[in-house]
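S.K.: Sharing a structure with you now.
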2 protein chains.
Amino acid sequence: MEALRRMILEKGKGIGNDIVKVDMFLNHRIDTNLLFQMGEAWAEEFRAEKPEMVLTVEASGIAMAVAAAHALGDIPVVFAKKSATMVQNEDVVQAPVYSFTHKTQNMIRIERQYLPEGSRVLIIDDFLADGQAARGLINLCWQQGAIVVGVGIAVEKGFQPGGKALRESGIHLKSLAVVDGIQDGNIVLRPEED
Amino acid sequence: MEALRRMILEKGKGIGNDIVKVDMFLNHRIDTNLLFQMGEAWAEEFRAEKPEMVLTVEASGIAMAVAAAHALGDIPVVFAKKSATMVQNEDVVQAPVYSFTHKTQNMIRIERQYLPEGSRVLIIDDFLADGQAARGLINLCWQQGAIVVGVGIAVEKGFQPGGKALRESGIHLKSLAVVDGIQDGNIVLRPEED
């Protein structure tokens with residue numbers, strides 16, 4: 001997506017070999033204008049799959065999920081909550097998410113009633129690297145018998161295995177920008193498809 | 001705000017004496033249609049104050065901040081991050097937030113560069129009870145020399161002291177719904193102002 005790619009190249013920062021810092025427009029300060037253009041781009045990609053709700057995980061996925069849901073006709077958003085431990089409660093469904101960055105495992109959870117069996121779910125998140133968060137969200141859907149119609153990502157780290165693994169498993173994945181690497185502090189983007 | 005009030009009465013749940021559960025449409029599952037109506041209501045209230053950015057705190061404030069920022073012409077959103085401890089970093093500004101519910105003190109923080117001196121800031125959050133979160137956000141603005149043009153809240157607990165204290169300190173506060181109490185599991189709303 002051209003507007004996001006331009007913003008990444010203009011304002012994003014590459015740190016070390018693998019850190020892509022985009023918090024000046026995406027996940028700390030949010031460029032609201034860009035955000036709603038991103039929502040339109042995901043809606044265009046996934047509208048034909050007839051999603052009935054958008055699922056994400058707190059905190060930085062929420063703004064993007066809201067923008068996508070708005071562009072899809074104001075369908076509901078549900079965001080999974082994070083906690084360090086399992087919650088003992090039959091009303092919630094939980095999945096583990098391992099963080100390679102922090103070397104910790106967290107749980108994500110939602111109340112079962114907000115993810116009904118058979119519902120058509122679009123998953124949205126800001127980053128895709130190892131794919132742990134996306135897989136945790138897909139896991140919640142499977143446990144509930146909900147249908148994952150697609151996964152929309154803002155920034156995919158193409159040099160990490162999450163995107164490839166999701167595509168190979170047959171998931172309809174759309175990343176609005178794919179970072180192929182960082183060279184001398186500069187972010188290298190993969191040329192846009194089509 | 002009529003649409004929010006109706007939703008609270010229809011779908012909200014009162015638990016015990018003071019818990020207002022609205023997570024089926026506001027802060028776990030989000031009714032996106034209602035959300036953007038709420039954004040319009042805040043924009044109408046605060047447009048004349050010419051806010052240049054919206055400030056909130058993760059996680060459940062983010063969706064509402066995005067809706068308000070959209071209605072105000074897609075001005076930027078900045079969300080403060082929470083942590084259990086102070087971060088040692090000159091580039092961030094921090095404030096303590098005490099939680100009466102959890103009996104714990106957390107820190108909230110933002111990168112200084114995203115809250116410039118002199119900027120006109122609208123603070124948005126989902127709940128106002130004791131007012132600790134709102135005061136923490138105001139504190140961040142004061143430390144940075146930013147101007148708080150108003151505070152927009154979705155649900156104010158009118159039986160707790162936060163709203164009264166903010167109004168008495170001269171802050172322009174707009175709560176879209178005010179809960180006066182819970183009686184036999186039913187949420188009692190304060191009659192709407194005009």
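Labels used: A, B, ... for chains in the order of the structure tokens, numbers from 1 for residues in each chain, and numbers from 1 for ligands as shown.
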Near chain B, meaning an atom within 7 Å, which residues of chain A appear when counting only C-alpha atoms? Write them as a PDB file with N, CA and C atoms, in the first residue's frame.

M.R.:
```pdb
ATOM      1  N   HIS A  28       2.186   4.319  18.518  1.00  0.00           N
ATOM      2  CA  HIS A  28       2.290   5.078  19.781  1.00  0.00           C
ATOM      3  C   HIS A  28       1.614   6.433  19.488  1.00  0.00           C
ATOM      4  N   ARG A  29       2.184   7.163  18.543  1.00  0.00           N
ATOM      5  CA  ARG A  29       1.440   8.232  17.868  1.00  0.00           C
ATOM      6  C   ARG A  29       0.812   7.598  16.622  1.00  0.00           C
ATOM      7  N   ILE A  30      -0.446   7.929  16.365  1.00  0.00           N
ATOM      8  CA  ILE A  30      -1.148   7.339  15.218  1.00  0.00           C
ATOM      9  C   ILE A  30      -1.502   8.437  14.226  1.00  0.00           C
ATOM     10  N   ASP A  31      -1.048   8.288  12.987  1.00  0.00           N
ATOM     11  CA  ASP A  31      -1.465   9.186  11.912  1.00  0.00           C
ATOM     12  C   ASP A  31      -2.855   8.723  11.469  1.00  0.00           C
ATOM     13  N   THR A  32      -3.869   9.443  11.939  1.00  0.00           N
ATOM     14  CA  THR A  32      -5.253   8.980  11.767  1.00  0.00           C
ATOM     15  C   THR A  32      -5.657   8.959  10.300  1.00  0.00           C
ATOM     16  N   ASN A  33      -5.141   9.910   9.536  1.00  0.00           N
ATOM     17  CA  ASN A  33      -5.439   9.941   8.116  1.00  0.00           C
ATOM     18  C   ASN A  33      -4.927   8.675   7.426  1.00  0.00           C
ATOM     19  N   GLU A  58      -4.996  -6.468  22.134  1.00  0.00           N
ATOM     20  CA  GLU A  58      -4.564  -5.192  22.676  1.00  0.00           C
ATOM     21  C   GLU A  58      -3.046  -5.114  22.665  1.00  0.00           C
ATOM     22  N   ALA A  59      -2.448  -3.919  22.643  1.00  0.00           N
ATOM     23  CA  ALA A  59      -3.097  -2.632  22.551  1.00  0.00           C
ATOM     24  C   ALA A  59      -2.967  -2.066  21.135  1.00  0.00           C
ATOM     25  N   ILE A  62      -5.633  -2.325  18.133  1.00  0.00           N
ATOM     26  CA  ILE A  62      -7.016  -1.851  18.256  1.00  0.00           C
ATOM     27  C   ILE A  62      -7.354  -0.761  17.240  1.00  0.00           C
ATOM     28  N   ALA A  63      -6.475   0.229  17.103  1.00  0.00           N
ATOM     29  CA  ALA A  63      -6.765   1.337  16.176  1.00  0.00           C
ATOM     30  C   ALA A  63      -6.949   0.804  14.757  1.00  0.00           C
ATOM     31  N   VAL A  66     -10.249  -1.056  14.317  1.00  0.00           N
ATOM     32  CA  VAL A  66     -11.369  -0.113  14.230  1.00  0.00           C
ATOM     33  C   VAL A  66     -11.453   0.492  12.826  1.00  0.00           C
ATOM     34  N   HIS A  70     -14.564  -0.105  10.312  1.00  0.00           N
ATOM     35  CA  HIS A  70     -15.305   1.061   9.806  1.00  0.00           C
ATOM     36  C   HIS A  70     -15.456   0.971   8.290  1.00  0.00           C
ATOM     37  N   ASP A  74     -18.830  -0.694   9.441  1.00  0.00           N
ATOM     38  CA  ASP A  74     -19.013  -0.653  10.892  1.00  0.00           C
ATOM     39  C   ASP A  74     -19.427  -1.993  11.478  1.00  0.00           C
ATOM     40  N   ILE A  75     -18.700  -3.063  11.094  1.00  0.00           N
ATOM     41  CA  ILE A  75     -18.890  -4.357  11.758  1.00  0.00           C
ATOM     42  C   ILE A  75     -18.198  -4.298  13.124  1.00  0.00           C
ATOM     43  N   PRO A  76     -18.580  -5.162  14.064  1.00  0.00           N
ATOM     44  CA  PRO A  76     -17.992  -5.088  15.416  1.00  0.00           C
ATOM     45  C   PRO A  76     -16.502  -5.457  15.443  1.00  0.00           C
ATOM     46  N   VAL A  77     -15.823  -4.931  16.439  1.00  0.00           N
ATOM     47  CA  VAL A  77     -14.429  -5.278  16.730  1.00  0.00           C
ATOM     48  C   VAL A  77     -14.397  -6.009  18.067  1.00  0.00           C
ATOM     49  N   VAL A  78     -13.590  -7.043  18.165  1.00  0.00           N
ATOM     50  CA  VAL A  78     -13.312  -7.657  19.468  1.00  0.00           C
ATOM     51  C   VAL A  78     -11.808  -7.675  19.653  1.00  0.00           C
ATOM     52  N   PHE A  79     -11.333  -7.207  20.812  1.00  0.00           N
ATOM     53  CA  PHE A  79      -9.896  -7.314  21.040  1.00  0.00           C
ATOM     54  C   PHE A  79      -9.604  -8.266  22.194  1.00  0.00           C
ATOM     55  N   TYR A 114     -18.304 -13.392  22.780  1.00  0.00           N
ATOM     56  CA  TYR A 114     -18.020 -12.376  21.762  1.00  0.00           C
ATOM     57  C   TYR A 114     -17.401 -12.959  20.500  1.00  0.00           C
TER      58      TYR A 114
END
```

S.K.: Near region 83-90 of chain B, counting only C-alpha atoms, which residues have an atom at most 9 Å away, once you skip same-chain residues fewer than 4 positions from it, shown as a ChimeraX atom specification?

M.R.: /B:94-96,104-109,112

S.K.: Might you pull out every residue within 6 Å of Gly136 (chain B), with only C-alpha atoms counted and same-chain residues fewer than 3 positions away left off, and present them as a list in words?

M.R.: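 Answer for this query is Ala95, Val97, Ala133 and Asn139 of chain B.
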
S.K.: Chain B: which residues are alpha helix (DSSP H) by DSSP, as a ChimeraX atom specification?

M.R.: /B:2-11,32-46,61-71,132-144,162-168

S.K.: Write the residues of the preceding selection, restricted to C-alpha atoms, as a short mmCIF file (atom, residue, chain, number, x, y, z; two decimals), in the first residue's frame.

M.R.:
```cif
data_model
loop_
_atom_site.label_atom_id
_atom_site.label_comp_id
_atom_site.auth_asym_id
_atom_site.auth_seq_id
_atom_site.Cartn_x
_atom_site.Cartn_y
_atom_site.Cartn_z
CA GLU B 2 -28.91 9.15 23.64
CA ALA B 3 -27.47 6.20 21.65
CA LEU B 4 -24.91 5.38 24.36
CA ARG B 5 -27.45 5.80 27.15
CA ARG B 6 -29.88 3.44 25.41
CA MET B 7 -27.12 0.86 24.87
CA ILE B 8 -26.05 1.05 28.54
CA LEU B 9 -29.64 0.49 29.69
CA GLU B 10 -30.22 -2.34 27.20
CA LYS B 11 -26.93 -4.22 27.34
CA THR B 32 -18.26 0.24 15.83
CA ASN B 33 -21.41 2.03 14.73
CA LEU B 34 -21.98 3.41 18.24
CA LEU B 35 -18.25 4.17 18.55
CA PHE B 36 -18.25 6.56 15.60
CA GLN B 37 -21.43 8.24 16.84
CA MET B 38 -19.60 8.83 20.12
CA GLY B 39 -16.69 10.31 18.19
CA GLU B 40 -19.11 12.75 16.54
CA ALA B 41 -20.58 13.72 19.90
CA TRP B 42 -17.15 14.54 21.36
CA ALA B 43 -16.17 16.41 18.19
CA GLU B 44 -19.31 18.53 18.44
CA GLU B 45 -18.54 19.35 22.07
CA PHE B 46 -14.86 20.20 21.60
CA GLY B 61 -9.24 4.25 25.37
CA ILE B 62 -7.66 3.77 21.95
CA ALA B 63 -10.78 2.95 19.93
CA MET B 64 -12.60 5.98 21.35
CA ALA B 65 -9.66 8.29 20.77
CA VAL B 66 -9.51 7.15 17.14
CA ALA B 67 -13.23 7.82 16.64
CA ALA B 68 -12.97 11.30 18.16
CA ALA B 69 -9.86 12.13 16.12
CA HIS B 70 -11.61 10.97 12.95
CA ALA B 71 -14.62 13.18 13.62
CA GLN B 132 -6.73 8.93 38.40
CA ALA B 133 -6.18 8.06 34.73
CA ALA B 134 -7.47 11.45 33.54
CA ARG B 135 -5.29 13.22 36.08
CA GLY B 136 -2.28 11.19 34.97
CA LEU B 137 -2.87 12.25 31.36
CA ILE B 138 -3.32 15.90 32.39
CA ASN B 139 -0.09 15.61 34.39
CA LEU B 140 1.78 14.46 31.25
CA CYS B 141 0.44 17.50 29.36
CA TRP B 142 1.47 19.91 32.13
CA GLN B 143 4.97 18.47 32.32
CA GLN B 144 5.30 19.02 28.58
CA GLY B 162 -13.37 12.11 39.69
CA GLY B 163 -15.88 14.06 37.59
CA LYS B 164 -16.71 16.59 40.30
CA ALA B 165 -13.04 17.22 41.03
CA LEU B 166 -12.20 17.78 37.36
CA ARG B 167 -15.12 20.18 36.84
CA GLU B 168 -14.21 22.15 39.97
#
```

S.K.: Could you check how far CA of Ser99 (chain A) sits from CA of Asp130 (chain A), in Å to one decimal?

M.R.: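 Computing the Euclidean distance for CA of Ser99 (chain A) and CA of Asp130 (chain A) yields 8.6 Å.
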
S.K.: Report the distance between CA of Arg120 (chain A) and CA of Val93 (chain A) in Å, rounded to one decimal place.

M.R.: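 So the answer is 17.2 Å.
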
S.K.: Please measure the separation of CA of Ile182 (chain A) and CA of Asp125 (chain A), giving the value in Å to one decimal.

M.R.: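 Interatomic distance, CA of Ile182 (chain A) to CA of Asp125 (chain A): 21.4 Å.
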
S.K.: Choose the residue, out of A:Gly145, A:Pro51, A:Gly170, A:Gly12, that has the smallest atom-to-atom separation from Ile124 (chain A); count only C-alpha atoms.

M.R.: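 Of A:Gly145, A:Pro51, A:Gly170, A:Gly12, the one nearest Ile124 (chain A) is A:Pro51, counting only C-alpha atoms.
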
S.K.: Among region 11-142 of chain B, which residues carry a DSSP assignment of strand (DSSP E), reported as a ChimeraX atom specification?

M.R.: /B:13-15,19-21,29-30,53-57,77-83,92-99,104-111,120-128

S.K.: Using the selection just defined, write its residues with C-alpha atoms as a PDB file, in the first residue's frame.

M.R.:
```
ATOM      1  CA  LYS B  13     -24.792  -4.793  33.548  1.00  0.00           C
ATOM      2  CA  GLY B  14     -24.534  -3.446  37.058  1.00  0.00           C
ATOM      3  CA  ILE B  15     -22.605  -5.662  39.445  1.00  0.00           C
ATOM      4  CA  ILE B  19     -19.139  -2.124  38.796  1.00  0.00           C
ATOM      5  CA  VAL B  20     -20.550  -1.005  35.442  1.00  0.00           C
ATOM      6  CA  LYS B  21     -19.961  -3.743  32.865  1.00  0.00           C
ATOM      7  CA  ARG B  29     -16.329  -6.135  22.024  1.00  0.00           C
ATOM      8  CA  ILE B  30     -16.775  -2.731  20.345  1.00  0.00           C
ATOM      9  CA  MET B  53      -4.307  15.936  18.854  1.00  0.00           C
ATOM     10  CA  VAL B  54      -6.137  13.381  20.977  1.00  0.00           C
ATOM     11  CA  LEU B  55      -4.402  11.795  23.977  1.00  0.00           C
ATOM     12  CA  THR B  56      -5.527   8.595  25.674  1.00  0.00           C
ATOM     13  CA  VAL B  57      -4.069   5.608  27.526  1.00  0.00           C
ATOM     14  CA  VAL B  77      -3.875  10.207  18.298  1.00  0.00           C
ATOM     15  CA  VAL B  78      -1.220   9.486  20.920  1.00  0.00           C
ATOM     16  CA  PHE B  79      -1.759   6.758  23.464  1.00  0.00           C
ATOM     17  CA  ALA B  80       0.196   6.565  26.714  1.00  0.00           C
ATOM     18  CA  LYS B  81       1.657   3.197  27.629  1.00  0.00           C
ATOM     19  CA  LYS B  82       1.348   1.563  31.021  1.00  0.00           C
ATOM     20  CA  SER B  83       4.081  -0.073  33.007  1.00  0.00           C
ATOM     21  CA  VAL B  92       9.900   9.874  27.884  1.00  0.00           C
ATOM     22  CA  VAL B  93       7.595  11.771  30.223  1.00  0.00           C
ATOM     23  CA  GLN B  94       5.860   9.753  32.967  1.00  0.00           C
ATOM     24  CA  ALA B  95       3.112  10.119  35.555  1.00  0.00           C
ATOM     25  CA  PRO B  96       1.792   7.828  38.291  1.00  0.00           C
ATOM     26  CA  VAL B  97      -1.752   6.439  38.146  1.00  0.00           C
ATOM     27  CA  TYR B  98      -3.153   4.790  41.248  1.00  0.00           C
ATOM     28  CA  SER B  99      -5.820   2.132  40.720  1.00  0.00           C
ATOM     29  CA  THR B 104      -1.712  -0.747  42.771  1.00  0.00           C
ATOM     30  CA  GLN B 105       0.198   2.184  41.365  1.00  0.00           C
ATOM     31  CA  ASN B 106       1.228   2.086  37.731  1.00  0.00           C
ATOM     32  CA  MET B 107       3.147   4.529  35.619  1.00  0.00           C
ATOM     33  CA  ILE B 108       1.912   5.869  32.298  1.00  0.00           C
ATOM     34  CA  ARG B 109       4.368   7.284  29.806  1.00  0.00           C
ATOM     35  CA  ILE B 110       4.739   8.738  26.343  1.00  0.00           C
ATOM     36  CA  GLU B 111       7.684   9.736  24.244  1.00  0.00           C
ATOM     37  CA  ARG B 120      -3.775  21.774  22.066  1.00  0.00           C
ATOM     38  CA  VAL B 121      -4.730  18.373  23.474  1.00  0.00           C
ATOM     39  CA  LEU B 122      -8.105  16.675  23.836  1.00  0.00           C
ATOM     40  CA  ILE B 123      -8.001  13.816  26.371  1.00  0.00           C
ATOM     41  CA  ILE B 124     -10.381  10.898  25.711  1.00  0.00           C
ATOM     42  CA  ASP B 125     -10.998   7.835  27.879  1.00  0.00           C
ATOM     43  CA  ASP B 126     -13.647   5.164  28.346  1.00  0.00           C
ATOM     44  CA  PHE B 127     -14.291   5.504  32.103  1.00  0.00           C
ATOM     45  CA  LEU B 128     -14.035   8.232  34.717  1.00  0.00           C
TER      46      LEU B 128
END
```

S.K.: Find the spatial neighbours of Gly181 (chain B), counting only C-alpha atoms, within a cut-off of 12 Å - ignore same-chain residues fewer than 6 positions away - and output them as a list in words.

M.R.: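 Residues meeting the cut-off are Lys13, Gly14, Ile15, Gly16, Asn17, Asp18, Ile19, Val20, Ala129, Glu156, Lys157, Gly158, Phe159, Gln160, Ile187, Val188, Leu189 and Arg190 of chain B.
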